[in-house]
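Participant: To start, I am sharing the structure in question, which I have written as structure tokens.
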Protein chains: 2
Amino acid sequence: MVAALEHERVRLGRSSTAERVADILREHIIEGLFAPGQRLSEEAIGNALGVSRNTLREAFRLLGHERLLDHKLNRGVFVRVLSAADVADLYQMRRVLEGAAVRRTASPEALALIKETVEEAERSALADRWQDVGTANSRFHQALVALHRSPRLNEAMRQLLAELRLVFHVMSNPRALHEPFVERNRQLLELLAAGRADEAGTFLESYLDDAERLLLHAYEPLDASGTR
Amino acid sequence: MVAALEHERVRLGRSSTAERVADILREHIIEGLFAPGQRLSEEAIGNALGVSRNTLREAFRLLGHERLLDHKLNRGVFVRVLSAADVADLYQMRRVLEGAAVRRTASPEALALIKETVEEAERSALADRWQDVGTANSRFHQALVALHRSPRLNEAMRQLLAELRLVFHVMSNPRALHEPFVERNRQLLELLAAGRADEAGTFLESYLDDAERLLLHAYEPLDASGTR
DNA sequence: AATCTAAGGATCGTTGAACAATTCGACAAG
DNA sequence: CTTGTCGAATTGTTCAACGATCCTTAGATT
């Protein structure tokens with residue numbers, strides 16, 4: 001009977017000030033409250049959150065490893081600015097992770113989760129809440145990768161989508177970005193539900209090609225010098 | 001002509017004490033000098049390396065994110081001990097990353113790199129250096145994933161293989177682990193060189209299935225309670 | 001006027017010390 | 001044998017300090 005407690009065990013290890021700080025900052029970045037390229041001063045943020053520089057630096061380190069922050073020696077941390085090459089690479093990775101996922105057989109529960117995200121996107125689209133459509137769309141693709149039932153692949157996809165958020169926030173027109181894919185999400189869902197794995201794979205390929213093209217076309221990181 | 005320097009640019013940002021400490025510790029872990037499950041005392045290692053606790057903790061945080069160290073609140077950091085489920089998950093991920101890789105068309109340079117690792121494994125096998133065979137084998141699979149030409153996928157594979165090293169080091173017989181795959185590496189190379197992508201994919205699938213089975217069969221994390 | 005150089009200020013990198021919080025083992029009490 | 005309590009050891013977090021590095025700006029040079 002104690003065996004049921006095994007699952008709770010993960011909760012015990014969780015919670016240190018640095019991790020909670022990282023959670024807060026991650027939220028701010030993903031929500032776009034910190035603009036890409038913006039510098040995060042150790043002193044300013046440390047004071048604002050009431051934590052010491054050391055603890056804050058541990059949090060920065062965490063987010064740097066997630067590629068949300070860019071750590072430049074002796075210059076500080078900056079909210080990451082993605083280059084066009086980064087965007088292309090993210091889509092390259094999506095093709096691998098998602099492409100293999102949709103070719104798997106989907107369990108009813110997994111399918112139900114996917115369906116839920118599709119409907120959420122449709123509802124948000126009808127209400128003209130395009131930011132929420134973007135969120136639902138992220139959850140849709142996360143649910144696709146969840147078909148692998150692999151914790152590590154799920155985590156990799158989570159990070160990937162968080163990075164992509166950095167791009168969305170510098171775009172002017174969220175509607176143009178998300179609207180075309182609401183319907184395609186449903187179409188993909190139906191292919192999956194019908195067990196037509198190969199067709200789903202092919203469909204997803206052109207889906208991602210179009211999404212990448214759309215994004216890259218509208219995304220011109222203003223400085224041409226690559227990284228900065 | 002200055003363009004060739006662009007690639008060196010990443011090195012400029014490199015170098016902070018914490019990162020160098022992390023490099024040293026990572027090396028030790030991958031080489032098996034720190035046994036899985038072993039606790040790494042902040043004081044002991046800090047003194048040994050001559051760095052302060054704060055700096056060392058930053059290094060620990062870095063390696064924790066790479067899943068090489070396990071950070072337990074108020075208890076310290078431990079060299080990660082992989083469960084059987086972890087091993088299975090790692091192979092699940094390999095199937096996705098490597099499976100998609102071998103189905104791509106290989107450039108001559110990429111093929112040459114793969115060939116090099118195959119021959120290195122063969123040389124080491126003839127010399128009975130099975131540890132080196134394992135290293136060459138890792139490089140082989142890393143080279144496979146490099147067919148994607150994706151920095152992020154390369155990085156993910158690098159981390160994955162580092163994690164797998166944690167398993168190899170608790171195994172008694174490295175020869176039994178690596179020997180069967182020296183020849184299969186060459187066979188896979190030849191399928192790739194011949195451009196027979198689909199056959200390479202099928203071949204790799206059974207390759208990974210066998211490798212996982214072999215590993216899981218010989219790997220019994222002594223305590224049954226999972227994480228510890 | 002444009003370019004190079006040098007000084008100054010701001011911020012980061014790292015250290016060492018300090019104290020609170022937590023864990024773990026030993027020992028005593030029931 | 002189980003439970004409660006104490007104390008040593010270790011981690012979590014903060015703080016202050018100093019050197020190192022970068023950016024800016026003002027001045028000197030051409």
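Residues in the structure tokens are numbered from 1 in each chain, the chains being A, B, ... in the order shown, and ligands are numbered from 1 in the order shown.
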DSSP on the backbone: what in stretch 51-192 of chain A comes out strand (DSSP E or B), as number ranges by chain?
Facilitator: A: 69-72, 76-79
Participant: Dump C-alpha atoms for the selected residues as a PDB file, in the first residue's frame?
Facilitator:
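Saved file selection_17.pdb follows:
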```pdb
ATOM      1  CA  LEU A  69      18.928  33.267 -22.133  1.00  0.00           C
ATOM      2  CA  ASP A  70      22.193  34.122 -23.763  1.00  0.00           C
ATOM      3  CA  HIS A  71      25.069  34.325 -21.350  1.00  0.00           C
ATOM      4  CA  LYS A  72      27.897  36.545 -22.488  1.00  0.00           C
ATOM      5  CA  GLY A  76      25.585  39.694 -18.566  1.00  0.00           C
ATOM      6  CA  VAL A  77      22.604  37.679 -19.672  1.00  0.00           C
ATOM      7  CA  PHE A  78      20.267  38.656 -22.477  1.00  0.00           C
ATOM      8  CA  VAL A  79      16.961  37.275 -23.603  1.00  0.00           C
TER       9      VAL A  79
END
```
Participant: Which polymer residues have any atom within 9 Å of an atom of stretch 109-115 of chain A, counting only C-alpha atoms (C1' of nucleotides), with same-chain residues fewer than 3 positions away left out, as a PyMOL selection string?
Facilitator: chain A and resi 106+118-120+139-144+146-147+186+189+192-193
Participant: What does chain A look like after a least-squares fit onto chain B on every Cα paired in order, written as a CSV table (one decimal) with C-alpha atoms, in the first residue's frame?
Facilitator:
```csv
chain,number,residue,atom,x,y,z
A,1,MET,CA,38.6,39.6,-45.4
A,2,VAL,CA,37.5,40.2,-41.9
A,3,ALA,CA,34.5,37.9,-42.7
A,4,ALA,CA,36.7,34.9,-42.1
A,5,LEU,CA,37.0,35.9,-38.4
A,6,GLU,CA,33.3,35.4,-37.9
A,7,HIS,CA,33.8,31.8,-37.1
A,8,GLU,CA,36.3,32.5,-34.4
A,9,ARG,CA,33.8,34.5,-32.6
A,10,VAL,CA,32.4,31.6,-30.7
A,11,ARG,CA,35.7,31.2,-29.0
A,12,LEU,CA,35.6,34.6,-27.4
A,13,GLY,CA,32.6,33.9,-25.2
A,14,ARG,CA,34.1,30.6,-24.0
A,15,SER,CA,35.8,30.1,-20.7
A,16,SER,CA,34.7,30.7,-17.2
A,17,THR,CA,35.9,28.9,-14.2
A,18,ALA,CA,32.6,27.2,-13.7
A,19,GLU,CA,32.6,25.9,-17.2
A,20,ARG,CA,36.1,24.6,-17.0
A,21,VAL,CA,35.3,22.9,-13.8
A,22,ALA,CA,32.2,21.4,-15.4
A,23,ASP,CA,34.4,20.1,-18.2
A,24,ILE,CA,36.8,18.4,-15.8
A,25,LEU,CA,34.0,16.8,-13.8
A,26,ARG,CA,32.2,15.7,-17.0
A,27,GLU,CA,35.3,14.0,-18.1
A,28,HIS,CA,35.7,12.2,-14.8
A,29,ILE,CA,32.1,11.0,-14.9
A,30,ILE,CA,32.3,9.8,-18.5
A,31,GLU,CA,35.5,8.1,-17.9
A,32,GLY,CA,34.0,6.3,-15.0
A,33,LEU,CA,36.4,7.7,-12.4
A,34,PHE,CA,33.3,8.8,-10.4
A,35,ALA,CA,31.1,5.8,-9.9
A,36,PRO,CA,27.3,6.2,-10.4
A,37,GLY,CA,25.6,6.8,-7.1
A,38,GLN,CA,28.7,8.3,-5.6
A,39,ARG,CA,28.1,11.6,-3.8
A,40,LEU,CA,30.2,14.6,-4.7
A,41,SER,CA,30.9,16.7,-1.7
A,42,GLU,CA,31.0,20.4,-2.3
A,43,GLU,CA,33.7,20.9,0.2
A,44,ALA,CA,35.9,18.0,-0.9
A,45,ILE,CA,35.8,18.8,-4.6
A,46,GLY,CA,36.0,22.5,-4.0
A,47,ASN,CA,39.2,22.1,-2.1
A,48,ALA,CA,40.6,19.6,-4.5
A,49,LEU,CA,40.1,21.9,-7.5
A,50,GLY,CA,40.8,25.1,-5.6
A,51,VAL,CA,37.5,26.8,-6.4
A,52,SER,CA,34.9,28.3,-4.2
A,53,ARG,CA,31.7,26.6,-3.3
A,54,ASN,CA,29.7,29.1,-5.4
A,55,THR,CA,31.7,28.4,-8.5
A,56,LEU,CA,31.5,24.7,-8.0
A,57,ARG,CA,27.8,24.9,-7.5
A,58,GLU,CA,27.5,26.6,-10.9
A,59,ALA,CA,29.4,23.7,-12.4
A,60,PHE,CA,27.2,21.2,-10.6
A,61,ARG,CA,24.1,22.9,-12.0
A,62,LEU,CA,25.4,22.6,-15.5
A,63,LEU,CA,26.1,18.9,-15.2
A,64,GLY,CA,22.7,18.4,-13.5
A,65,HIS,CA,21.1,19.8,-16.5
A,66,GLU,CA,22.9,17.4,-18.7
A,67,ARG,CA,21.5,14.6,-16.5
A,68,LEU,CA,25.0,13.4,-15.5
A,69,LEU,CA,24.5,14.5,-11.9
A,70,ASP,CA,21.5,14.1,-9.7
A,71,HIS,CA,20.8,17.1,-7.5
A,72,LYS,CA,18.9,16.3,-4.4
A,73,LEU,CA,17.8,19.2,-2.3
A,74,ASN,CA,19.7,19.6,0.9
A,75,ARG,CA,21.5,16.3,0.3
A,76,GLY,CA,24.0,17.2,-2.4
A,77,VAL,CA,24.8,16.0,-5.8
A,78,PHE,CA,25.3,12.4,-6.8
A,79,VAL,CA,26.6,10.8,-10.0
A,80,ARG,CA,23.4,9.7,-11.8
A,81,VAL,CA,22.2,6.2,-11.5
A,82,LEU,CA,20.1,5.2,-14.4
A,83,SER,CA,17.1,3.0,-14.0
A,84,ALA,CA,16.0,0.4,-16.4
A,85,ALA,CA,13.3,2.8,-17.5
A,86,ASP,CA,16.0,5.4,-18.3
A,87,VAL,CA,17.8,3.0,-20.5
A,88,ALA,CA,14.7,2.1,-22.3
A,89,ASP,CA,13.9,5.8,-22.8
A,90,LEU,CA,17.4,6.5,-24.1
A,91,TYR,CA,17.0,3.8,-26.7
A,92,GLN,CA,13.6,5.1,-27.6
A,93,MET,CA,15.2,8.4,-28.3
A,94,ARG,CA,18.0,6.8,-30.3
A,95,ARG,CA,15.5,5.1,-32.5
A,96,VAL,CA,14.0,8.5,-33.4
A,97,LEU,CA,17.2,10.4,-33.8
A,98,GLU,CA,19.3,7.7,-35.6
A,99,GLY,CA,16.4,6.2,-37.5
A,100,ALA,CA,15.6,9.4,-39.2
A,101,ALA,CA,19.3,10.1,-39.8
A,102,VAL,CA,20.2,6.9,-41.7
A,103,ARG,CA,17.3,7.5,-44.0
A,104,ARG,CA,18.9,10.7,-45.2
A,105,THR,CA,21.3,10.9,-48.1
A,106,ALA,CA,24.8,11.0,-46.9
A,107,SER,CA,27.4,13.4,-48.2
A,108,PRO,CA,30.8,12.0,-49.1
A,109,GLU,CA,32.5,13.8,-46.2
A,110,ALA,CA,29.9,12.5,-43.7
A,111,LEU,CA,30.4,9.0,-45.0
A,112,ALA,CA,34.1,9.3,-44.7
A,113,LEU,CA,33.7,10.3,-41.0
A,114,ILE,CA,31.5,7.3,-40.4
A,115,LYS,CA,33.9,5.0,-42.1
A,116,GLU,CA,36.7,6.3,-39.9
A,117,THR,CA,34.9,5.4,-36.8
A,118,VAL,CA,34.1,2.0,-38.1
A,119,GLU,CA,37.7,1.3,-38.8
A,120,GLU,CA,38.8,2.6,-35.4
A,121,ALA,CA,36.4,0.2,-33.7
A,122,GLU,CA,37.8,-2.6,-35.8
A,123,ARG,CA,41.3,-1.8,-34.9
A,124,SER,CA,40.5,-1.5,-31.2
A,125,ALA,CA,38.7,-4.8,-31.3
A,126,LEU,CA,41.6,-6.6,-32.8
A,127,ALA,CA,43.8,-5.1,-30.0
A,128,ASP,CA,41.4,-6.3,-27.3
A,129,ARG,CA,40.8,-2.7,-26.1
A,130,TRP,CA,37.1,-3.0,-25.5
A,131,GLN,CA,36.8,0.3,-23.7
A,132,ASP,CA,38.1,2.0,-26.9
A,133,VAL,CA,35.7,0.0,-29.0
A,134,GLY,CA,33.0,1.6,-26.9
A,135,THR,CA,34.3,5.0,-27.5
A,136,ALA,CA,34.6,4.4,-31.3
A,137,ASN,CA,31.1,3.0,-31.3
A,138,SER,CA,29.8,6.2,-29.6
A,139,ARG,CA,31.6,8.3,-32.3
A,140,PHE,CA,30.0,6.1,-34.9
A,141,HIS,CA,26.5,6.8,-33.8
A,142,GLN,CA,27.3,10.4,-33.2
A,143,ALA,CA,28.4,10.5,-36.8
A,144,LEU,CA,25.1,8.9,-37.9
A,145,VAL,CA,23.1,11.7,-36.3
A,146,ALA,CA,25.5,14.2,-37.8
A,147,LEU,CA,23.8,13.3,-41.1
A,148,HIS,CA,21.0,15.6,-40.1
A,149,ARG,CA,23.5,18.5,-40.1
A,150,SER,CA,21.6,19.9,-37.2
A,151,PRO,CA,23.6,21.5,-34.3
A,152,ARG,CA,20.7,20.9,-31.9
A,153,LEU,CA,20.3,17.2,-32.8
A,154,ASN,CA,24.1,16.7,-32.6
A,155,GLU,CA,24.0,18.2,-29.1
A,156,ALA,CA,21.1,16.1,-28.0
A,157,MET,CA,22.9,13.0,-29.2
A,158,ARG,CA,26.1,14.0,-27.5
A,159,GLN,CA,24.2,14.3,-24.2
A,160,LEU,CA,22.4,11.0,-24.8
A,161,LEU,CA,25.6,9.1,-25.4
A,162,ALA,CA,27.2,10.7,-22.3
A,163,GLU,CA,24.3,9.4,-20.3
A,164,LEU,CA,24.6,5.9,-21.7
A,165,ARG,CA,28.2,5.9,-20.6
A,166,LEU,CA,26.9,5.9,-17.1
A,167,VAL,CA,25.4,2.5,-17.8
A,168,PHE,CA,28.4,1.0,-19.4
A,169,HIS,CA,30.6,1.8,-16.4
A,170,VAL,CA,28.6,-0.4,-14.0
A,171,MET,CA,28.7,-3.3,-16.4
A,172,SER,CA,31.3,-6.0,-15.7
A,173,ASN,CA,32.0,-7.2,-19.2
A,174,PRO,CA,32.6,-4.4,-21.8
A,175,ARG,CA,33.6,-6.9,-24.4
A,176,ALA,CA,30.2,-8.6,-24.4
A,177,LEU,CA,28.6,-5.2,-24.7
A,178,HIS,CA,30.5,-3.9,-27.7
A,179,GLU,CA,31.8,-6.8,-29.7
A,180,PRO,CA,28.6,-7.8,-31.4
A,181,PHE,CA,28.3,-4.4,-33.0
A,182,VAL,CA,31.7,-3.9,-34.6
A,183,GLU,CA,30.7,-5.9,-37.6
A,184,ARG,CA,27.2,-4.5,-37.7
A,185,ASN,CA,28.6,-1.0,-37.8
A,186,ARG,CA,30.4,-1.9,-41.0
A,187,GLN,CA,27.4,-3.5,-42.5
A,188,LEU,CA,25.4,-0.4,-41.8
A,189,LEU,CA,28.1,1.8,-43.3
A,190,GLU,CA,27.9,-0.2,-46.5
A,191,LEU,CA,24.2,0.1,-46.7
A,192,LEU,CA,24.6,3.9,-46.4
A,193,ALA,CA,27.4,4.0,-48.9
A,194,ALA,CA,25.2,2.2,-51.4
A,195,GLY,CA,22.4,4.7,-50.8
A,196,ARG,CA,20.0,2.0,-49.6
A,197,ALA,CA,18.4,4.2,-47.1
A,198,ASP,CA,15.3,2.1,-46.3
A,199,GLU,CA,17.3,-1.0,-45.7
A,200,ALA,CA,19.7,0.9,-43.5
A,201,GLY,CA,16.7,2.1,-41.5
A,202,THR,CA,15.4,-1.5,-41.0
A,203,PHE,CA,18.8,-2.7,-40.2
A,204,LEU,CA,19.3,-0.1,-37.6
A,205,GLU,CA,16.0,-0.9,-36.0
A,206,SER,CA,17.0,-4.5,-35.2
A,207,TYR,CA,20.4,-3.2,-34.3
A,208,LEU,CA,19.0,-1.0,-31.6
A,209,ASP,CA,16.5,-3.5,-30.5
A,210,ASP,CA,19.3,-6.0,-29.9
A,211,ALA,CA,21.5,-3.5,-28.2
A,212,GLU,CA,18.8,-2.4,-25.8
A,213,ARG,CA,17.9,-6.0,-25.0
A,214,LEU,CA,21.5,-6.9,-24.4
A,215,LEU,CA,22.0,-3.9,-22.2
A,216,LEU,CA,18.8,-4.3,-20.2
A,217,HIS,CA,19.4,-8.0,-19.7
A,218,ALA,CA,22.8,-7.4,-18.2
A,219,TYR,CA,21.8,-4.3,-16.3
A,220,GLU,CA,20.1,-4.8,-13.0
A,221,PRO,CA,20.2,-1.7,-10.9
A,222,LEU,CA,20.6,-3.5,-7.6
A,223,ASP,CA,18.0,-1.6,-5.6
A,224,ALA,CA,14.5,-2.2,-6.8
A,225,SER,CA,13.1,1.1,-5.6
A,226,GLY,CA,13.6,2.9,-8.8
A,227,THR,CA,15.2,6.3,-8.4
A,228,ARG,CA,17.6,6.5,-5.5
```
Participant: Which residues of chain D come within 12 Å of chain A, and for each one, what is the closest pair of atoms and their distance in Å to one decimal, counting only C-alpha atoms (C1' of nucleotides), sorted by chain and residue number, as a tab-separated table?
Facilitator:
```
residue	atom	partner	partner_atom	distance
D:DT11	C1'	A:Ser16	CA	11.5
D:DG12	C1'	A:Ser16	CA	8.1
D:DT13	C1'	A:Thr55	CA	7.2
D:DT14	C1'	A:Ser52	CA	6.0
D:DC15	C1'	A:Ser52	CA	8.1
D:DA16	C1'	A:Ser52	CA	11.7
D:DA20	C1'	A:Asn74	CA	8.6
D:DT21	C1'	A:Asn74	CA	5.9
D:DC22	C1'	A:Arg75	CA	6.8
D:DC23	C1'	A:Arg75	CA	9.7
```
Participant: Check stretch 144-174 of chain B with DSSP on the backbone and list each residue it calls helix (DSSP H, G or I), as a ChimeraX atom specification.
Facilitator: /B:144-148,151-168,174
Participant: Okay, now the selection with N, CA and C atoms, as an mmCIF file, in the first residue's frame?
Facilitator:
```cif
data_model
loop_
_atom_site.group_PDB
_atom_site.id
_atom_site.type_symbol
_atom_site.label_atom_id
_atom_site.label_comp_id
_atom_site.auth_asym_id
_atom_site.auth_seq_id
_atom_site.Cartn_x
_atom_site.Cartn_y
_atom_site.Cartn_z
ATOM 1 N N LEU B 144 26.326 9.487 -37.250
ATOM 2 C CA LEU B 144 25.061 9.198 -37.925
ATOM 3 C C LEU B 144 24.100 10.368 -37.750
ATOM 4 N N VAL B 145 23.952 10.803 -36.518
ATOM 5 C CA VAL B 145 23.016 11.897 -36.247
ATOM 6 C C VAL B 145 23.471 13.182 -36.931
ATOM 7 N N ALA B 146 24.783 13.293 -37.133
ATOM 8 C CA ALA B 146 25.307 14.493 -37.795
ATOM 9 C C ALA B 146 24.795 14.610 -39.229
ATOM 10 N N LEU B 147 24.256 13.530 -39.763
ATOM 11 C CA LEU B 147 23.689 13.588 -41.114
ATOM 12 C C LEU B 147 22.544 14.591 -41.183
ATOM 13 N N HIS B 148 21.934 14.849 -40.051
ATOM 14 C CA HIS B 148 20.850 15.836 -40.029
ATOM 15 C C HIS B 148 21.382 17.253 -40.257
ATOM 16 N N PRO B 151 22.549 21.488 -35.458
ATOM 17 C CA PRO B 151 23.295 21.696 -34.209
ATOM 18 C C PRO B 151 22.543 21.187 -32.992
ATOM 19 N N ARG B 152 21.245 21.422 -32.954
ATOM 20 C CA ARG B 152 20.492 20.995 -31.782
ATOM 21 C C ARG B 152 20.379 19.485 -31.680
ATOM 22 N N LEU B 153 20.189 18.822 -32.795
ATOM 23 C CA LEU B 153 20.117 17.367 -32.750
ATOM 24 C C LEU B 153 21.479 16.784 -32.391
ATOM 25 N N ASN B 154 22.537 17.391 -32.898
ATOM 26 C CA ASN B 154 23.875 16.933 -32.522
ATOM 27 C C ASN B 154 24.077 17.051 -31.018
ATOM 28 N N GLU B 155 23.677 18.175 -30.488
ATOM 29 C CA GLU B 155 23.842 18.399 -29.054
ATOM 30 C C GLU B 155 23.018 17.407 -28.247
ATOM 31 N N ALA B 156 21.793 17.178 -28.680
ATOM 32 C CA ALA B 156 20.935 16.224 -27.976
ATOM 33 C C ALA B 156 21.573 14.836 -27.991
ATOM 34 N N MET B 157 22.139 14.468 -29.114
ATOM 35 C CA MET B 157 22.775 13.153 -29.229
ATOM 36 C C MET B 157 24.006 13.081 -28.339
ATOM 37 N N ARG B 158 24.739 14.173 -28.293
ATOM 38 C CA ARG B 158 25.937 14.198 -27.454
ATOM 39 C C ARG B 158 25.566 13.923 -25.987
ATOM 40 N N GLN B 159 24.536 14.593 -25.531
ATOM 41 C CA GLN B 159 24.090 14.399 -24.156
ATOM 42 C C GLN B 159 23.582 12.979 -23.931
ATOM 43 N N LEU B 160 22.850 12.488 -24.903
ATOM 44 C CA LEU B 160 22.290 11.145 -24.796
ATOM 45 C C LEU B 160 23.410 10.119 -24.630
ATOM 46 N N LEU B 161 24.444 10.247 -25.450
ATOM 47 C CA LEU B 161 25.534 9.274 -25.383
ATOM 48 C C LEU B 161 26.312 9.406 -24.081
ATOM 49 N N ALA B 162 26.431 10.636 -23.595
ATOM 50 C CA ALA B 162 27.108 10.818 -22.313
ATOM 51 C C ALA B 162 26.334 10.096 -21.210
ATOM 52 N N GLU B 163 25.012 10.176 -21.279
ATOM 53 C CA GLU B 163 24.195 9.485 -20.281
ATOM 54 C C GLU B 163 24.373 7.982 -20.373
ATOM 55 N N LEU B 164 24.437 7.500 -21.588
ATOM 56 C CA LEU B 164 24.589 6.054 -21.763
ATOM 57 C C LEU B 164 25.899 5.562 -21.172
ATOM 58 N N ARG B 165 26.908 6.433 -21.198
ATOM 59 C CA ARG B 165 28.176 6.048 -20.600
ATOM 60 C C ARG B 165 28.011 5.666 -19.138
ATOM 61 N N LEU B 166 27.065 6.303 -18.477
ATOM 62 C CA LEU B 166 26.826 5.997 -17.075
ATOM 63 C C LEU B 166 26.467 4.527 -16.901
ATOM 64 N N VAL B 167 25.780 3.984 -17.901
ATOM 65 C CA VAL B 167 25.398 2.578 -17.811
ATOM 66 C C VAL B 167 26.592 1.683 -18.076
ATOM 67 N N PHE B 168 27.345 2.017 -19.102
ATOM 68 C CA PHE B 168 28.476 1.169 -19.477
ATOM 69 C C PHE B 168 29.425 0.951 -18.303
ATOM 70 N N PRO B 174 32.875 -5.161 -20.751
ATOM 71 C CA PRO B 174 32.726 -4.219 -21.865
ATOM 72 C C PRO B 174 32.810 -4.911 -23.226
#
```
Participant: As an exercise, work out the distance from atom C1' of D:DT10 to atom C1' of C:DT15 in Å and give it to one decimal place.
Facilitator: 19.8 Å
Participant: Got a sec to pull out which chain C residues are within 10 Å of chain A, counting only C-alpha atoms (C1' of nucleotides), and send them as a PDB file with N, CA and C atoms (P, O5', C5', C4', C3', O3' and C1' of nucleotides), in the first residue's frame?
Facilitator:
```
ATOM      1  P    DT C  11      25.241  49.259 -13.806  1.00  0.00           P
ATOM      2  O5'  DT C  11      25.857  47.822 -14.094  1.00  0.00           O
ATOM      3  C5'  DT C  11      26.142  47.453 -15.440  1.00  0.00           C
ATOM      4  C4'  DT C  11      26.935  46.168 -15.439  1.00  0.00           C
ATOM      5  C3'  DT C  11      26.405  45.114 -14.457  1.00  0.00           C
ATOM      6  O3'  DT C  11      26.066  43.939 -15.168  1.00  0.00           O
ATOM      7  C1'  DT C  11      28.757  45.352 -14.287  1.00  0.00           C
ATOM      8  P    DC C  12      25.553  42.637 -14.378  1.00  0.00           P
ATOM      9  O5'  DC C  12      26.770  41.630 -14.596  1.00  0.00           O
ATOM     10  C5'  DC C  12      27.330  41.496 -15.903  1.00  0.00           C
ATOM     11  C4'  DC C  12      28.686  40.843 -15.816  1.00  0.00           C
ATOM     12  C3'  DC C  12      28.680  39.465 -15.154  1.00  0.00           C
ATOM     13  O3'  DC C  12      29.478  38.575 -15.924  1.00  0.00           O
ATOM     14  C1'  DC C  12      30.230  40.866 -14.067  1.00  0.00           C
ATOM     15  P    DG C  13      29.551  37.012 -15.493  1.00  0.00           P
ATOM     16  O5'  DG C  13      30.885  36.980 -14.634  1.00  0.00           O
ATOM     17  C5'  DG C  13      32.141  37.020 -15.305  1.00  0.00           C
ATOM     18  C4'  DG C  13      33.243  36.525 -14.387  1.00  0.00           C
ATOM     19  C3'  DG C  13      32.959  35.165 -13.732  1.00  0.00           C
ATOM     20  O3'  DG C  13      34.176  34.414 -13.711  1.00  0.00           O
ATOM     21  C1'  DG C  13      33.246  36.819 -12.057  1.00  0.00           C
TER      22       DG C  13
END
```
Participant: Can you list, as a VMD selection string, every protein, DNA or RNA residue that comes within 10 Å of C:DG30 when you count only C-alpha atoms (C1' of nucleotides), leaving out same-chain residues fewer than 2 positions away?
Facilitator: (chain C and resid 28) or (chain D and resid 2 to 4)
